[in-house]
Every structure is written in C-alpha cells, then in structure tokens.
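Trainee: Shown below is the structure under consideration.
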Amino acid sequence: MIRIFKLQKPTELTDALVAQLTAEYIQTEKSVWKKPYIERALLESSYEKCAYCECKLNVESKYMEVEHFQHKDGYPLLVVDWDNLLPSCKRCNGTKNNHDTVIHPIVNPSRENPREHLYLRNYRFHGLTQVGEETIEVLDLNNTSKVAYPRFEISQLIAGKIEGLLDKCKDYLQNKSTRSANKVKKIVKNIMEEGHPAQAYAGTVATEIIFNPQFSEIIDILKMEHLWDEESENLWVAITSIAFTNKKKPLTA
Ligand SMILES: [Zn+2]
C-alpha cells in the first residue's frame with residue numbers, strides 16, 4: 001500500500017447527478033457507481049493498481065471493483081461521493097466487506113501516508129500504530145498466498161538483479177570501459193524504475209532496494225566513479241519516498 005493521489009472528481013459526476021444516483025441507490029440498491037468515467041478516473045488515480053494491496057488491475061484475471069471506504073450499506077449517502085471511492089481488487093474489496101471505518105479506522109491511502117502506520121519486514125506488514133494493525137487485519141494484508149507470497153517473489157527477483165549488478169560493477173572496476181560503465185548505469189536505473197509508484201507492489205520493491213546492502217555498495221561505487229547522475233538521484237528520491245521502514249520506529253524522512 002502506498003500513498004495515492006486521486007484525480008479531481010470526474011466532471012460528469014455533477015452534484016445533481018450525485019443526488020440522483022444516491023436516491024436511486026437508496027430506493028433500488030442498484031450498482032449506481034458502475035460508470036465508465038468513475039472507474040477510469042479511479043484507475044488513473046492509482047496507476048491501475050489496487051489502492052490497498054498494489055496488485056495490477058489491468059491484467060488478465062484481475063479487474064477493478066469500486067471500493068466504498070465507508071461501506072455503502074451503513075453510509076448510503078456516500079455511495080457515489082468521490083472522496084469515498086477507491087480502486088480495489090476483488091480480494092481486498094471482499095475482505096474488507098462491511099468493516100466500519102468510522103468506528104474502527106483503517107488507513108485510507110488517498111488521505112494519509114500508509115508509511116506512517118505500517119512497516120514491512122520479511123514481506124509482511126506490521127503496525128506502527130493501532131490504525132496500522134487494524135488495516136492489516138481488516139484487509140488480511142499478510143495473507144500468505146494472495147499477497148505475502150507475491151511480495152516475496154518480486155523482492156527475490158529484485159535481489160537477484162541487484163546481485164548480478166554488483167558483479168557487473170566489479171567487472172567495471174577492473175576494466176573501467178565506457179561500455180561497461182554505460183551498462184552499469186542502465187541496469188541501476190532499470191532496477192530503481194521497478195520501485196516507481198506505477199509498478200505493481202512498488203512499496204515492497206522500494207523497501208527491498210533501499211535496505212539491500214549490495215545496493216548500498218553499488219551506490220557507493222557509482223558515486224565514487226562519478227556514474228551516479230541526476231536521473232539516478234531522482235529515481236532514488238522517488239523510491240525512498242514510498243519505501244517502508246523495516247522496524248518499529250517512527251520514520252525520520
Ligand atoms: Zn487488493
């Protein structure tokens with residue numbers, strides 16, 4: 001889960017239409033939120049990812065459900081309230097079900113930064129706060145096969161790439177050719193791009209990168225050899241802005 005920045009309310013969703021759709025829902029319980037312009041704006045707001053587990057929603061077998069942060073049965077007046085809607089996968093939406101976020105708050109990633117409530121260690125989330133603990137329970141955010149294993153898999157993939165890159169850095173130090181310098185620069189950027197907020201499980205990938213001791217070694221080599229440029233620095237800043245801490249202490253950055 002990472003902070004998401006929702007687009008403005010779709011222009012089609014005027015106050016008059018919101019009132020009309022809300023009344024229709026109260027009368028008929030129809031899925032009045034199922035509008036292409038609502039779904040499109042929600043998907044664009046989260047790089048087509050689930051706002052909770054960060055799985056990609058634009059792939060085969062996954063599709064977006066409109067999630068009502070304050071559930072629609074208890075809060076029917078918010079059924080098409082733009083601020084109450086989030087893009088979610090079927091699993092997270094179903095798992096959260098009718099949990100009352102007013103009585104027992106959980107993290108709303110469009111309103112607050114999940115990093116303030118959660119930390120990530122061994123591919124599992126833990127609470128920094130009571131809200132964080134509640135979020136993990138309500139969304140089953142450590143479900144082994146559905147979310148913890150995908151986090152493990154992608155972390156292993158990145159760790160393997162970092163290991164290969166360190167070997168290439170050492171090769172570079174032996175020959176210092178332009179060709180191997182360019183190769184190293186390209187790979188380091190590719191790895192950091194995988195922790196960009198647009199990527200699946202970006203929060204996990206970013207955390208893996210910043211706490212990977214081999215990656216720190218690589219950065220030191222690149223800086224020493226003047227191969228760490230502004231683009232690398234910008235990618236690094238983007239990653240550190242979404243990475244989780246890995247232990248129970250308040251974030252300093
Ligand atoms: Zn999800």
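Labeling convention for the structure tokens: chains A, B, ... as they appear, residues from 1 per chain, ligands from 1 in order of appearance.
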Report the residues of stretch 15-235 of chain A whose backbone DSSP state falls under strand (DSSP E or B), written as a ChimeraX atom specification.
Mentor: /A:49,56,65-68,85-88,118-121,124-127
Trainee: Find the residues of chain A that sit at most 6 Å from ligand 1; for each, write down the nearest two atoms and how far apart they are in Å, to one decimal. Count only C-alpha atoms and all ligand atoms. Sort by chain, then by number going up, and give it as a Markdown table.
Mentor:
```
| residue | atom | partner | partner_atom_place_in_ligand_line | distance |
| --- | --- | --- | --- | --- |
| A:Cys50 | CA | ligand 1 | 1 (Zn) | 4.7 |
| A:Tyr52 | CA | ligand 1 | 1 (Zn) | 5.1 |
| A:Cys53 | CA | ligand 1 | 1 (Zn) | 4.0 |
| A:Cys55 | CA | ligand 1 | 1 (Zn) | 5.9 |
| A:Ser88 | CA | ligand 1 | 1 (Zn) | 5.4 |
| A:Cys89 | CA | ligand 1 | 1 (Zn) | 4.3 |
| A:Arg91 | CA | ligand 1 | 1 (Zn) | 5.7 |
| A:Cys92 | CA | ligand 1 | 1 (Zn) | 4.3 |
```
Trainee: Can you list, as a PyMOL selection string, every protein, DNA or RNA residue that comes within 12 Å of A:Ala148 when you count only C-alpha atoms, leaving out same-chain residues fewer than 2 positions away?
Mentor: chain A and resi 53-55+120-125+136+140-146+150-155+201+204
Trainee: Store the residues picked out above in a file with N, CA and C atoms, as a compact mmCIF listing (two decimals), in the first residue's frame.
Mentor:
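Output file out-v3.txt is given in full below:
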```
# COMPACT_ATOMS: atom_id res chain seq x y z
N CYS A 53 -3.63 -3.40 -1.89
CA CYS A 53 -2.54 -4.41 -1.95
C CYS A 53 -1.54 -4.13 -3.06
N GLU A 54 -1.82 -3.14 -3.92
CA GLU A 54 -0.90 -2.76 -5.00
C GLU A 54 -0.76 -3.79 -6.12
N CYS A 55 -1.71 -4.72 -6.23
CA CYS A 55 -1.65 -5.60 -7.40
C CYS A 55 -2.13 -4.79 -8.61
N LEU A 120 7.36 -2.84 7.10
CA LEU A 120 7.42 -4.07 6.29
C LEU A 120 8.69 -4.83 6.64
N ARG A 121 8.50 -6.04 7.11
CA ARG A 121 9.68 -6.87 7.37
C ARG A 121 9.38 -8.31 6.96
N ASN A 122 10.35 -8.91 6.27
CA ASN A 122 10.17 -10.28 5.75
C ASN A 122 8.86 -10.41 4.97
N TYR A 123 8.60 -9.43 4.13
CA TYR A 123 7.46 -9.45 3.20
C TYR A 123 6.12 -9.35 3.91
N ARG A 124 6.15 -9.10 5.21
CA ARG A 124 4.89 -8.99 5.96
C ARG A 124 4.78 -7.59 6.57
N PHE A 125 3.55 -7.08 6.57
CA PHE A 125 3.33 -5.78 7.19
C PHE A 125 3.12 -5.94 8.69
N ILE A 136 -4.11 -4.07 8.69
CA ILE A 136 -3.57 -5.39 8.33
C ILE A 136 -4.63 -6.47 8.54
N ASP A 140 -6.55 -8.25 5.58
CA ASP A 140 -5.78 -9.50 5.52
C ASP A 140 -4.52 -9.27 4.67
N LEU A 141 -3.79 -8.23 5.03
CA LEU A 141 -2.66 -7.77 4.20
C LEU A 141 -1.45 -8.69 4.25
N ASN A 142 -1.49 -9.71 5.13
CA ASN A 142 -0.37 -10.66 5.16
C ASN A 142 -0.82 -12.05 4.72
N ASN A 143 -1.94 -12.12 4.03
CA ASN A 143 -2.40 -13.41 3.51
C ASN A 143 -1.27 -14.05 2.70
N THR A 144 -0.84 -15.22 3.13
CA THR A 144 0.38 -15.80 2.56
C THR A 144 0.32 -15.96 1.05
N SER A 145 -0.68 -16.68 0.56
CA SER A 145 -0.66 -16.97 -0.88
C SER A 145 -1.09 -15.77 -1.73
N LYS A 146 -1.99 -14.96 -1.21
CA LYS A 146 -2.54 -13.88 -2.05
C LYS A 146 -1.67 -12.63 -2.10
N PRO A 150 3.37 -12.99 -3.33
CA PRO A 150 3.75 -12.08 -4.42
C PRO A 150 4.81 -11.05 -4.00
N ARG A 151 4.74 -10.57 -2.76
CA ARG A 151 5.75 -9.62 -2.27
C ARG A 151 7.11 -10.30 -2.17
N PHE A 152 7.10 -11.55 -1.67
CA PHE A 152 8.34 -12.33 -1.57
C PHE A 152 8.94 -12.54 -2.97
N GLU A 153 8.08 -12.97 -3.90
CA GLU A 153 8.56 -13.28 -5.26
C GLU A 153 9.21 -12.07 -5.92
N ILE A 154 8.54 -10.92 -5.84
CA ILE A 154 9.07 -9.73 -6.52
C ILE A 154 10.33 -9.23 -5.81
N SER A 155 10.39 -9.39 -4.49
CA SER A 155 11.59 -8.98 -3.74
C SER A 155 12.78 -9.85 -4.12
N TYR A 201 3.26 -3.61 -6.65
CA TYR A 201 3.97 -3.81 -5.37
C TYR A 201 5.17 -2.87 -5.21
N THR A 204 6.80 -2.49 -1.79
CA THR A 204 7.65 -3.63 -1.42
C THR A 204 9.00 -3.55 -2.14
```
Trainee: Give me the residues within 10 Å of A:Lys161 as a PDB file with N, CA and C atoms, in the first residue's frame, counting only C-alpha atoms and dropping any in the same chain fewer than 2 places off.
Mentor:
```pdb
ATOM      1  N   SER A 155      10.393  -9.393  -4.487  1.00  0.00           N
ATOM      2  CA  SER A 155      11.588  -8.980  -3.742  1.00  0.00           C
ATOM      3  C   SER A 155      12.780  -9.850  -4.125  1.00  0.00           C
ATOM      4  N   GLN A 156      12.527 -11.148  -4.274  1.00  0.00           N
ATOM      5  CA  GLN A 156      13.601 -12.063  -4.659  1.00  0.00           C
ATOM      6  C   GLN A 156      14.128 -11.734  -6.050  1.00  0.00           C
ATOM      7  N   LEU A 157      13.201 -11.402  -6.930  1.00  0.00           N
ATOM      8  CA  LEU A 157      13.578 -11.053  -8.302  1.00  0.00           C
ATOM      9  C   LEU A 157      14.496  -9.827  -8.310  1.00  0.00           C
ATOM     10  N   ILE A 158      14.120  -8.826  -7.524  1.00  0.00           N
ATOM     11  CA  ILE A 158      14.915  -7.591  -7.447  1.00  0.00           C
ATOM     12  C   ILE A 158      16.268  -7.880  -6.789  1.00  0.00           C
ATOM     13  N   ALA A 159      16.253  -8.682  -5.710  1.00  0.00           N
ATOM     14  CA  ALA A 159      17.509  -9.004  -5.016  1.00  0.00           C
ATOM     15  C   ALA A 159      18.461  -9.717  -5.980  1.00  0.00           C
ATOM     16  N   GLU A 163      22.147  -8.443  -7.178  1.00  0.00           N
ATOM     17  CA  GLU A 163      23.341  -9.281  -7.049  1.00  0.00           C
ATOM     18  C   GLU A 163      24.119  -9.319  -8.374  1.00  0.00           C
ATOM     19  N   GLY A 164      23.379  -9.496  -9.487  1.00  0.00           N
ATOM     20  CA  GLY A 164      24.015  -9.516 -10.811  1.00  0.00           C
ATOM     21  C   GLY A 164      24.662  -8.175 -11.135  1.00  0.00           C
ATOM     22  N   LEU A 165      24.002  -7.110 -10.694  1.00  0.00           N
ATOM     23  CA  LEU A 165      24.536  -5.773 -10.963  1.00  0.00           C
ATOM     24  C   LEU A 165      25.840  -5.525 -10.196  1.00  0.00           C
ATOM     25  N   LEU A 166      25.889  -6.029  -8.972  1.00  0.00           N
ATOM     26  CA  LEU A 166      27.117  -5.837  -8.192  1.00  0.00           C
ATOM     27  C   LEU A 166      28.303  -6.505  -8.902  1.00  0.00           C
ATOM     28  N   ILE A 187      21.496  -0.500 -15.915  1.00  0.00           N
ATOM     29  CA  ILE A 187      20.866  -1.514 -15.046  1.00  0.00           C
ATOM     30  C   ILE A 187      20.420  -0.905 -13.718  1.00  0.00           C
ATOM     31  N   VAL A 188      21.243  -0.026 -13.165  1.00  0.00           N
ATOM     32  CA  VAL A 188      20.869   0.566 -11.875  1.00  0.00           C
ATOM     33  C   VAL A 188      19.568   1.368 -12.021  1.00  0.00           C
ATOM     34  N   ASN A 190      17.214   0.789 -14.349  1.00  0.00           N
ATOM     35  CA  ASN A 190      16.129  -0.181 -14.564  1.00  0.00           C
ATOM     36  C   ASN A 190      15.628  -0.755 -13.242  1.00  0.00           C
ATOM     37  N   ILE A 191      16.575  -1.058 -12.358  1.00  0.00           N
ATOM     38  CA  ILE A 191      16.183  -1.622 -11.057  1.00  0.00           C
ATOM     39  C   ILE A 191      15.365  -0.596 -10.270  1.00  0.00           C
ATOM     40  N   PHE A 215      22.940  -3.167  -2.728  1.00  0.00           N
ATOM     41  CA  PHE A 215      22.590  -1.960  -3.478  1.00  0.00           C
ATOM     42  C   PHE A 215      23.325  -0.745  -2.902  1.00  0.00           C
TER      43      PHE A 215
END
```
Trainee: Report as a JSON list (two decimals) with C-alpha atoms, in the first residue's frame all protein, DNA and RNA residues lying within 12 Å of A:Gln199, evaluated on only C-alpha atoms, omitting residues in the same chain fewer than 4 positions from it.
Mentor:
```
[["chain", "number", "residue", "atom", "x", "y", "z"],
["A", 1, "MET", "CA", 0.00, 0.00, 0.00],
["A", 2, "ILE", "CA", 1.37, 3.39, -0.97],
["A", 46, "SER", "CA", -3.65, 4.61, -8.76],
["A", 47, "TYR", "CA", -1.64, 3.70, -11.88],
["A", 48, "GLU", "CA", -4.25, 0.96, -12.42],
["A", 49, "LYS", "CA", -3.40, -0.73, -9.13],
["A", 50, "CYS", "CA", -5.44, -1.82, -6.14],
["A", 54, "GLU", "CA", -0.90, -2.76, -5.00],
["A", 55, "CYS", "CA", -1.65, -5.60, -7.40],
["A", 56, "LYS", "CA", -2.12, -4.50, -11.02],
["A", 57, "LEU", "CA", -5.77, -4.34, -12.06],
["A", 58, "ASN", "CA", -5.21, -4.17, -15.80],
["A", 154, "ILE", "CA", 9.07, -9.73, -6.52],
["A", 191, "ILE", "CA", 16.18, -1.62, -11.06],
["A", 192, "MET", "CA", 15.11, 1.65, -9.46],
["A", 193, "GLU", "CA", 12.34, 2.10, -12.05],
["A", 194, "GLU", "CA", 10.81, -1.12, -10.74],
["A", 195, "GLY", "CA", 10.22, 0.69, -7.47],
["A", 203, "GLY", "CA", 6.14, -0.17, -1.89],
["A", 204, "THR", "CA", 7.65, -3.63, -1.42],
["A", 205, "VAL", "CA", 10.18, -3.23, -4.25],
["A", 206, "ALA", "CA", 11.27, 0.20, -3.00],
["A", 239, "ILE", "CA", 11.92, 5.19, -4.14],
["A", 242, "ILE", "CA", 7.42, 5.29, -0.80]]
```
Trainee: Using only C-alpha atoms, which of the listed residues (A:Val66, A:Val138, A:Val102, A:Ala51) sits closest to A:Trp33?
Mentor: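 Checking each candidate against A:Trp33, we get A:Val66 as the closest.
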Trainee: Give the alpha helix (DSSP H) residues of stretch 66-229 of chain A, as DSSP finds them on the backbone, and put them as an MDAnalysis selection string.
Mentor: chainID A and resid 90:96 130:139 149:175 178:193 202:211 213:224
Trainee: With only C-alpha atoms as the counted atoms, please give the residues lying no more than 12 Å from A:Asp100, apart from itself and same-chain residues fewer than 6 positions off, as a list in words.
Mentor: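 Listed by chain and then number, they are His68, Phe69, Gln70, His71, Lys72, Asp73, Gly74, Tyr75, Ile106, Glu134, Thr135 and Val138 of chain A.
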Trainee: Write out as a short mmCIF file (atom, residue, chain, number, x, y, z; two decimals) with N, CA and C atoms, in the first residue's frame each polymer residue whose atoms come within 12 Å of A:Lys30, counting only C-alpha atoms; drop sequence neighbours fewer than 6 positions from it.
Mentor:
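Wrote out-v8.cif, looks like this:
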```cif
data_model
loop_
_atom_site.label_atom_id
_atom_site.label_comp_id
_atom_site.auth_asym_id
_atom_site.auth_seq_id
_atom_site.Cartn_x
_atom_site.Cartn_y
_atom_site.Cartn_z
N LEU A 21 -28.23 9.75 -8.29
CA LEU A 21 -27.73 8.38 -8.16
C LEU A 21 -27.86 7.86 -6.73
N THR A 22 -27.63 8.77 -5.77
CA THR A 22 -27.75 8.38 -4.36
C THR A 22 -29.20 7.99 -4.04
N ALA A 23 -30.13 8.79 -4.53
CA ALA A 23 -31.55 8.49 -4.30
C ALA A 23 -31.91 7.16 -4.96
N GLU A 24 -31.38 6.95 -6.16
CA GLU A 24 -31.66 5.70 -6.89
C GLU A 24 -31.13 4.50 -6.11
N LYS A 72 -21.20 1.01 1.83
CA LYS A 72 -22.44 1.57 1.25
C LYS A 72 -23.69 1.17 2.00
N ASP A 73 -23.66 0.05 2.74
CA ASP A 73 -24.86 -0.33 3.48
C ASP A 73 -25.09 0.61 4.67
N PRO A 76 -25.15 5.02 2.99
CA PRO A 76 -25.67 5.09 1.61
C PRO A 76 -25.55 6.49 0.99
N VAL A 79 -22.53 6.84 -1.37
CA VAL A 79 -22.37 5.76 -2.35
C VAL A 79 -21.68 6.20 -3.65
N VAL A 80 -21.85 7.45 -4.03
CA VAL A 80 -21.11 7.98 -5.19
C VAL A 80 -20.35 9.26 -4.82
#
```
Trainee: Choose the residue, out of A:Asn97, A:Ala200, A:Leu77, A:Tyr119, that has the smallest atom-to-atom separation from A:Val59; count only C-alpha atoms.
Mentor: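 Among the listed residues, the smallest separation from A:Val59 belongs to A:Ala200.
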